[in-house]
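Chemist: Quick one: the structure is below, questions incoming.
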Amino acid sequence: NAGVTQTPKFQVLKTGQSMTLQCAQDMNHEYMSWYRQDPGMGLRLIHYSVGAGITDQGEVPNGYNVSRSTTEDFPLRLLSAAPSQTSVYFCASSIGGWETQYFGPGTRLLVL
Amino acid sequence: AQTVTQSQPEMSVQEAETVTLSCTYDTSESDYYLFWYKQPPSRQMILVIRQEAYKQQNATENRFSVNFQKAAKSFSLKISDSQLGDAAMYFCAQSGSRLTFGEGTQLTVNP
């Protein structure tokens, strides 16, 4: 099992550009979620999904879109990047509910 | 709303000694989990230990143990026989309606 994979590892964007952060898991987990990690603030929940076709907002959803067409994939879209979105982004999955989360390696995003 | 507070931004310990990291939380949920995650310089989030709130017995995993005080909403992590590889950022987290993380404690292990 590859677990939770994320691509790219690092990305530089210009303000106003859009991009998609990819996340995939091969553990047949129902729950998937996206977090951002900023210095001194821990991880904050952006969006999450409790199953294919079902998504919901987390603590800091503004500026991000998600969709979940398959159990395996949960991409995060930045519609118009802003410097405030410079962060490290983690994708995670769990079997069901907010139990043990399995994290991907993270994507470091720099918005200039 | 759920909140998780880690009041120690930095801690240090001598190799082979014991250190305790503090965490308090606030929730109205009756059924939840508590976690400690470790984040080494590689940035990978690694589960250290998990505690179910309905269990009175404190969880242990080898050199790692917790002191779970449900009434006080306290969940501290004790690392015994500290090793150089334990140096990392440690995050306390609580689940309920969603997963909420504390701000983290940076642990340094001195040889």
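Naming works like this for the structure tokens: A, B, ... for the chains as they're shown, residue 1 at the start of each chain, ligands 1 onward in shown order.
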Give me, as a PyMOL selection string, all polymer residues having an atom no more than 10 Å from range 81-91 of chain A, counting only C-alpha atoms and skipping those fewer than 4 positions away in the same chain.
Modeler: (chain A and resi 4-6+9-19+21-25+32-39+43-48+63-64+74-77+101-112) or (chain B and resi 43-45)
Chemist: Go ahead and dump the residues you just picked, N, CA and C atoms, as a compact mmCIF listing (two decimals), in the first residue's frame.
Modeler:
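Produced file part-v3.txt, reproduced below:
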# COMPACT_ATOMS: atom_id res chain seq x y z
N VAL A 4 -1.35 7.37 1.76
CA VAL A 4 -1.87 8.64 1.25
C VAL A 4 -0.74 9.33 0.48
N THR A 5 -1.00 9.65 -0.77
CA THR A 5 0.00 10.32 -1.59
C THR A 5 -0.51 11.71 -1.96
N GLN A 6 0.44 12.64 -2.09
CA GLN A 6 0.12 14.01 -2.46
C GLN A 6 1.08 14.48 -3.54
N LYS A 9 5.06 18.04 -4.45
CA LYS A 9 5.69 18.23 -3.15
C LYS A 9 5.88 19.72 -2.85
N PHE A 10 6.14 20.48 -3.90
CA PHE A 10 6.41 21.91 -3.73
C PHE A 10 5.91 22.63 -4.98
N GLN A 11 5.33 23.80 -4.77
CA GLN A 11 4.81 24.58 -5.90
C GLN A 11 4.93 26.05 -5.60
N VAL A 12 5.33 26.81 -6.63
CA VAL A 12 5.34 28.26 -6.54
C VAL A 12 4.29 28.79 -7.49
N LEU A 13 3.44 29.68 -7.00
CA LEU A 13 2.40 30.28 -7.80
C LEU A 13 2.52 31.80 -7.76
N LYS A 14 1.98 32.43 -8.77
CA LYS A 14 1.83 33.87 -8.72
C LYS A 14 0.41 34.21 -8.26
N THR A 15 0.27 35.35 -7.63
CA THR A 15 -1.04 35.79 -7.18
C THR A 15 -2.03 35.77 -8.35
N GLY A 16 -3.19 35.17 -8.10
CA GLY A 16 -4.24 35.10 -9.12
C GLY A 16 -4.26 33.81 -9.91
N GLN A 17 -3.18 33.06 -9.87
CA GLN A 17 -3.16 31.79 -10.59
C GLN A 17 -4.01 30.76 -9.85
N SER A 18 -4.45 29.76 -10.60
CA SER A 18 -5.20 28.67 -10.00
C SER A 18 -4.38 27.39 -10.10
N MET A 19 -4.66 26.45 -9.22
CA MET A 19 -4.01 25.15 -9.30
C MET A 19 -4.78 24.14 -8.47
N LEU A 21 -4.20 20.79 -5.98
CA LEU A 21 -3.35 19.89 -5.21
C LEU A 21 -4.02 18.52 -5.22
N GLN A 22 -3.21 17.51 -5.58
CA GLN A 22 -3.77 16.17 -5.70
C GLN A 22 -3.56 15.37 -4.43
N CYS A 23 -4.55 14.54 -4.11
CA CYS A 23 -4.46 13.64 -2.97
C CYS A 23 -5.14 12.33 -3.35
N ALA A 24 -4.47 11.23 -3.05
CA ALA A 24 -5.05 9.91 -3.31
C ALA A 24 -4.69 8.97 -2.18
N GLN A 25 -5.62 8.04 -1.91
CA GLN A 25 -5.35 7.00 -0.90
C GLN A 25 -5.82 5.65 -1.43
N MET A 32 -11.90 11.66 4.07
CA MET A 32 -10.69 12.32 3.62
C MET A 32 -10.81 13.80 3.97
N SER A 33 -9.66 14.42 4.23
CA SER A 33 -9.69 15.81 4.66
C SER A 33 -8.44 16.55 4.22
N TRP A 34 -8.56 17.84 4.16
CA TRP A 34 -7.44 18.73 3.82
C TRP A 34 -7.20 19.70 4.98
N TYR A 35 -5.92 19.87 5.33
CA TYR A 35 -5.49 20.79 6.38
C TYR A 35 -4.43 21.72 5.81
N ARG A 36 -4.34 22.88 6.43
CA ARG A 36 -3.20 23.73 6.17
C ARG A 36 -2.45 23.94 7.48
N GLN A 37 -1.13 24.02 7.36
CA GLN A 37 -0.28 24.21 8.53
C GLN A 37 0.50 25.50 8.38
N ASP A 38 0.26 26.42 9.28
CA ASP A 38 0.98 27.67 9.31
C ASP A 38 1.77 27.75 10.61
N PRO A 39 2.90 28.46 10.60
CA PRO A 39 3.73 28.54 11.80
C PRO A 39 2.95 29.01 13.01
N LEU A 43 -2.46 22.62 12.76
CA LEU A 43 -3.14 22.27 11.51
C LEU A 43 -4.60 22.72 11.60
N ARG A 44 -5.08 23.31 10.55
CA ARG A 44 -6.48 23.76 10.51
C ARG A 44 -7.20 23.09 9.34
N LEU A 45 -8.41 22.65 9.61
CA LEU A 45 -9.19 21.91 8.65
C LEU A 45 -9.78 22.84 7.59
N ILE A 46 -9.56 22.49 6.31
CA ILE A 46 -10.06 23.32 5.21
C ILE A 46 -11.40 22.77 4.71
N HIS A 47 -11.37 21.55 4.21
CA HIS A 47 -12.56 20.84 3.74
C HIS A 47 -12.41 19.37 4.08
N TYR A 48 -13.52 18.68 4.12
CA TYR A 48 -13.46 17.25 4.34
C TYR A 48 -14.58 16.55 3.58
N GLY A 63 -11.62 30.39 -0.39
CA GLY A 63 -10.58 30.37 -1.40
C GLY A 63 -10.23 28.98 -1.91
N TYR A 64 -10.89 27.97 -1.39
CA TYR A 64 -10.61 26.59 -1.76
C TYR A 64 -11.90 25.86 -2.16
N PHE A 74 -9.18 12.99 -3.71
CA PHE A 74 -9.80 14.15 -3.06
C PHE A 74 -8.95 15.39 -3.38
N PRO A 75 -9.09 15.96 -4.58
CA PRO A 75 -8.28 17.12 -4.96
C PRO A 75 -8.75 18.41 -4.29
N LEU A 76 -7.79 19.28 -4.05
CA LEU A 76 -8.06 20.61 -3.47
C LEU A 76 -7.72 21.66 -4.51
N ARG A 77 -8.68 22.50 -4.84
CA ARG A 77 -8.48 23.52 -5.86
C ARG A 77 -8.36 24.91 -5.25
N GLN A 101 -6.15 9.51 11.89
CA GLN A 101 -5.93 10.05 10.56
C GLN A 101 -4.58 9.57 10.03
N TYR A 102 -4.58 9.19 8.76
CA TYR A 102 -3.34 8.83 8.08
C TYR A 102 -3.02 9.98 7.13
N PHE A 103 -1.84 10.56 7.34
CA PHE A 103 -1.49 11.78 6.62
C PHE A 103 -0.61 11.49 5.41
N GLY A 104 -0.78 12.33 4.38
CA GLY A 104 0.16 12.35 3.28
C GLY A 104 1.40 13.13 3.67
N PRO A 105 2.39 13.20 2.78
CA PRO A 105 3.67 13.84 3.09
C PRO A 105 3.62 15.36 3.06
N GLY A 106 2.54 15.93 2.55
CA GLY A 106 2.40 17.38 2.52
C GLY A 106 2.84 18.00 1.21
N THR A 107 2.24 19.16 0.90
CA THR A 107 2.63 19.98 -0.25
C THR A 107 2.94 21.37 0.26
N ARG A 108 4.14 21.84 -0.05
CA ARG A 108 4.52 23.19 0.35
C ARG A 108 4.18 24.12 -0.79
N LEU A 109 3.35 25.13 -0.50
CA LEU A 109 2.89 26.08 -1.52
C LEU A 109 3.37 27.47 -1.17
N LEU A 110 3.98 28.11 -2.16
CA LEU A 110 4.44 29.49 -2.00
C LEU A 110 3.73 30.34 -3.04
N VAL A 111 3.00 31.36 -2.57
CA VAL A 111 2.30 32.26 -3.48
C VAL A 111 2.96 33.63 -3.42
N LEU A 112 3.45 34.04 -4.58
CA LEU A 112 4.19 35.31 -4.66
C LEU A 112 3.29 36.46 -5.09
N ARG B 43 8.57 16.51 8.06
CA ARG B 43 7.22 17.07 7.94
C ARG B 43 6.12 16.01 8.00
N GLN B 44 6.47 14.75 7.93
CA GLN B 44 5.45 13.70 7.98
C GLN B 44 4.77 13.69 9.34
N MET B 45 3.45 13.61 9.35
CA MET B 45 2.68 13.52 10.59
C MET B 45 2.57 12.04 10.98
Chemist: Mind running range 4-46 of chain B against range 69-73 of chain B at 7 Å and telling me each contacting residue's nearest atom pair with the distance in Å (one decimal), counting only C-alpha atoms, chain and number ascending, as JSON lines?
Modeler:
{"residue": "B:Thr24", "atom": "CA", "partner": "B:Lys73", "partner_atom": "CA", "distance": 5.7}
{"residue": "B:Tyr25", "atom": "CA", "partner": "B:Lys73", "partner_atom": "CA", "distance": 5.5}
{"residue": "B:Asp26", "atom": "CA", "partner": "B:Lys73", "partner_atom": "CA", "distance": 6.5}
Chemist: For Ser76 in chain B, work out the shell of residues within 7 Å, counting only C-alpha atoms and skipping chain neighbours fewer than 2 positions away, then give it as a list in words.
Modeler: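 Everything that qualifies: Thr20, Leu21, Ser22, Cys23, Val66, Asn67, Phe68, Ser74 and Lys78 of chain B.
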Chemist: Determine, counting only C-alpha atoms, which protein, DNA and RNA residues have an atom within 6 Å of an atom of Phe91 in chain B; residues of the same chain fewer than 2 positions away are not included. Present the result as a list in words.
Modeler: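 Contacts, in chain order: Trp36, Tyr37, Gly102 and Gly104 of chain B.
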Chemist: Go ahead and write the residues just picked, N, CA and C atoms, as a CSV table (one decimal), in the first residue's frame.
Modeler:
chain,number,residue,atom,x,y,z
B,36,TRP,N,-1.9,12.2,20.1
B,36,TRP,CA,-0.7,12.9,20.0
B,36,TRP,C,0.0,12.5,18.7
B,37,TYR,N,0.3,13.5,17.9
B,37,TYR,CA,1.0,13.3,16.6
B,37,TYR,C,2.4,13.9,16.8
B,102,GLY,N,-3.9,21.4,18.5
B,102,GLY,CA,-3.2,22.4,19.2
B,102,GLY,C,-2.1,23.1,18.4
B,104,GLY,N,1.1,23.1,18.9
B,104,GLY,CA,2.3,22.3,18.9
B,104,GLY,C,3.3,22.7,19.9
Chemist: Can you tell me, as a PyMOL selection string, which residues in range 13-57 of chain A count as strand (DSSP E) by DSSP?
Modeler: chain A and resi 13+19-25+31-37+43-51+54-57
Chemist: Please identify every residue of chain B that has at least one atom no more than 9 Å from any atom of chain A, counting only C-alpha atoms, and report them as number ranges by chain.
Modeler: B: 9, 32-33, 35, 42-47, 50, 91, 94-104
Chemist: Would you save the residues from that selection as an mmCIF file, in the first residue's frame, using N, CA and C atoms?
Modeler:
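Below you can see again-v8.cif, which holds the result:
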data_model
loop_
_atom_site.group_PDB
_atom_site.id
_atom_site.type_symbol
_atom_site.label_atom_id
_atom_site.label_comp_id
_atom_site.auth_asym_id
_atom_site.auth_seq_id
_atom_site.Cartn_x
_atom_site.Cartn_y
_atom_site.Cartn_z
ATOM 1 N N PRO B 9 5.352 26.133 24.043
ATOM 2 C CA PRO B 9 5.800 26.182 22.650
ATOM 3 C C PRO B 9 7.083 25.370 22.429
ATOM 4 N N TYR B 32 -15.431 11.184 22.066
ATOM 5 C CA TYR B 32 -14.363 11.738 21.256
ATOM 6 C C TYR B 32 -13.073 10.955 21.487
ATOM 7 N N TYR B 33 -12.116 11.223 20.625
ATOM 8 C CA TYR B 33 -10.775 10.663 20.758
ATOM 9 C C TYR B 33 -9.794 11.797 21.008
ATOM 10 N N PHE B 35 -5.485 12.535 20.600
ATOM 11 C CA PHE B 35 -4.307 12.026 19.904
ATOM 12 C C PHE B 35 -3.083 12.878 20.235
ATOM 13 N N SER B 42 11.157 15.970 8.650
ATOM 14 C CA SER B 42 10.661 15.504 7.352
ATOM 15 C C SER B 42 9.253 15.994 7.053
ATOM 16 N N ARG B 43 8.572 16.514 8.062
ATOM 17 C CA ARG B 43 7.224 17.072 7.939
ATOM 18 C C ARG B 43 6.118 16.014 7.996
ATOM 19 N N GLN B 44 6.469 14.749 7.933
ATOM 20 C CA GLN B 44 5.453 13.701 7.976
ATOM 21 C C GLN B 44 4.773 13.694 9.336
ATOM 22 N N MET B 45 3.453 13.609 9.351
ATOM 23 C CA MET B 45 2.676 13.517 10.593
ATOM 24 C C MET B 45 2.569 12.044 10.983
ATOM 25 N N ILE B 46 3.027 11.731 12.189
ATOM 26 C CA ILE B 46 3.091 10.340 12.645
ATOM 27 C C ILE B 46 2.287 10.215 13.935
ATOM 28 N N LEU B 47 1.356 9.279 13.970
ATOM 29 C CA LEU B 47 0.582 9.058 15.189
ATOM 30 C C LEU B 47 1.473 8.447 16.259
ATOM 31 N N ARG B 50 -3.064 7.224 21.015
ATOM 32 C CA ARG B 50 -4.477 7.577 20.896
ATOM 33 C C ARG B 50 -5.197 7.152 22.164
ATOM 34 N N PHE B 91 2.050 17.480 18.319
ATOM 35 C CA PHE B 91 0.731 18.091 18.280
ATOM 36 C C PHE B 91 -0.266 17.240 19.049
ATOM 37 N N GLN B 94 -7.846 16.641 19.113
ATOM 38 C CA GLN B 94 -9.081 16.091 19.667
ATOM 39 C C GLN B 94 -10.111 15.952 18.565
ATOM 40 N N SER B 95 -10.760 14.800 18.531
ATOM 41 C CA SER B 95 -11.822 14.590 17.550
ATOM 42 C C SER B 95 -13.170 14.727 18.226
ATOM 43 N N GLY B 96 -14.152 14.972 17.417
ATOM 44 C CA GLY B 96 -15.518 15.102 17.923
ATOM 45 C C GLY B 96 -16.356 15.298 16.690
ATOM 46 N N SER B 97 -16.828 16.526 16.481
ATOM 47 C CA SER B 97 -17.514 16.838 15.233
ATOM 48 C C SER B 97 -16.501 16.982 14.101
ATOM 49 N N ARG B 98 -15.255 17.233 14.447
ATOM 50 C CA ARG B 98 -14.142 17.317 13.500
ATOM 51 C C ARG B 98 -12.859 17.203 14.290
ATOM 52 N N LEU B 99 -11.737 17.204 13.599
ATOM 53 C CA LEU B 99 -10.451 17.064 14.278
ATOM 54 C C LEU B 99 -9.836 18.442 14.478
ATOM 55 N N THR B 100 -9.473 18.744 15.720
ATOM 56 C CA THR B 100 -8.903 20.041 16.063
ATOM 57 C C THR B 100 -7.526 19.835 16.677
ATOM 58 N N PHE B 101 -6.550 20.604 16.199
ATOM 59 C CA PHE B 101 -5.172 20.477 16.650
ATOM 60 C C PHE B 101 -4.775 21.640 17.557
ATOM 61 N N GLY B 102 -3.852 21.359 18.464
ATOM 62 C CA GLY B 102 -3.199 22.420 19.218
ATOM 63 C C GLY B 102 -2.098 23.062 18.382
ATOM 64 N N GLU B 103 -1.431 24.048 18.986
ATOM 65 C CA GLU B 103 -0.431 24.824 18.247
ATOM 66 C C GLU B 103 0.908 24.099 18.141
ATOM 67 N N GLY B 104 1.109 23.084 18.927
ATOM 68 C CA GLY B 104 2.340 22.315 18.853
ATOM 69 C C GLY B 104 3.349 22.671 19.928
#
Chemist: Quick one: residues within 6 Å of His29 in chain A, only C-alpha atoms counted, chain neighbours fewer than 2 positions away excluded, as number ranges by chain?
Modeler: A: 27, 31, 94-95
Chemist: When you draw a straight line from CA of Gly53 in chain A to CA of Arg68 in chain A, how long is it in Å?
Modeler: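 It comes out at 5.2 Å.
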Chemist: Excluding Asp81 in chain B and any residue of its chain fewer than 6 positions from it, enumerate the residues within 7 Å of it, using only C-alpha atoms, and give them as a PyMOL selection string.
Modeler: chain B and resi 15-18+63
Chemist: For Ala88 in chain B, which residue out of B:Asp31, B:Lys38, B:Val48, B:Lys55 is the nearest one, using only C-alpha atoms?
Modeler: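 Between B:Asp31, B:Lys38, B:Val48, B:Lys55, the residue approaching Ala88 in chain B most closely is B:Lys38.
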Chemist: Quick one: pull the distance between CA of Phe64 in chain B and CA of Leu34 in chain B, Å, one decimal.
Modeler: 14.2 Å
Chemist: Hey, can you check how far CA of Val50 in chain A sits from CA of Asn65 in chain A?
Modeler: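 Result for CA of Val50 in chain A versus CA of Asn65 in chain A: 15.5 Å, one decimal.
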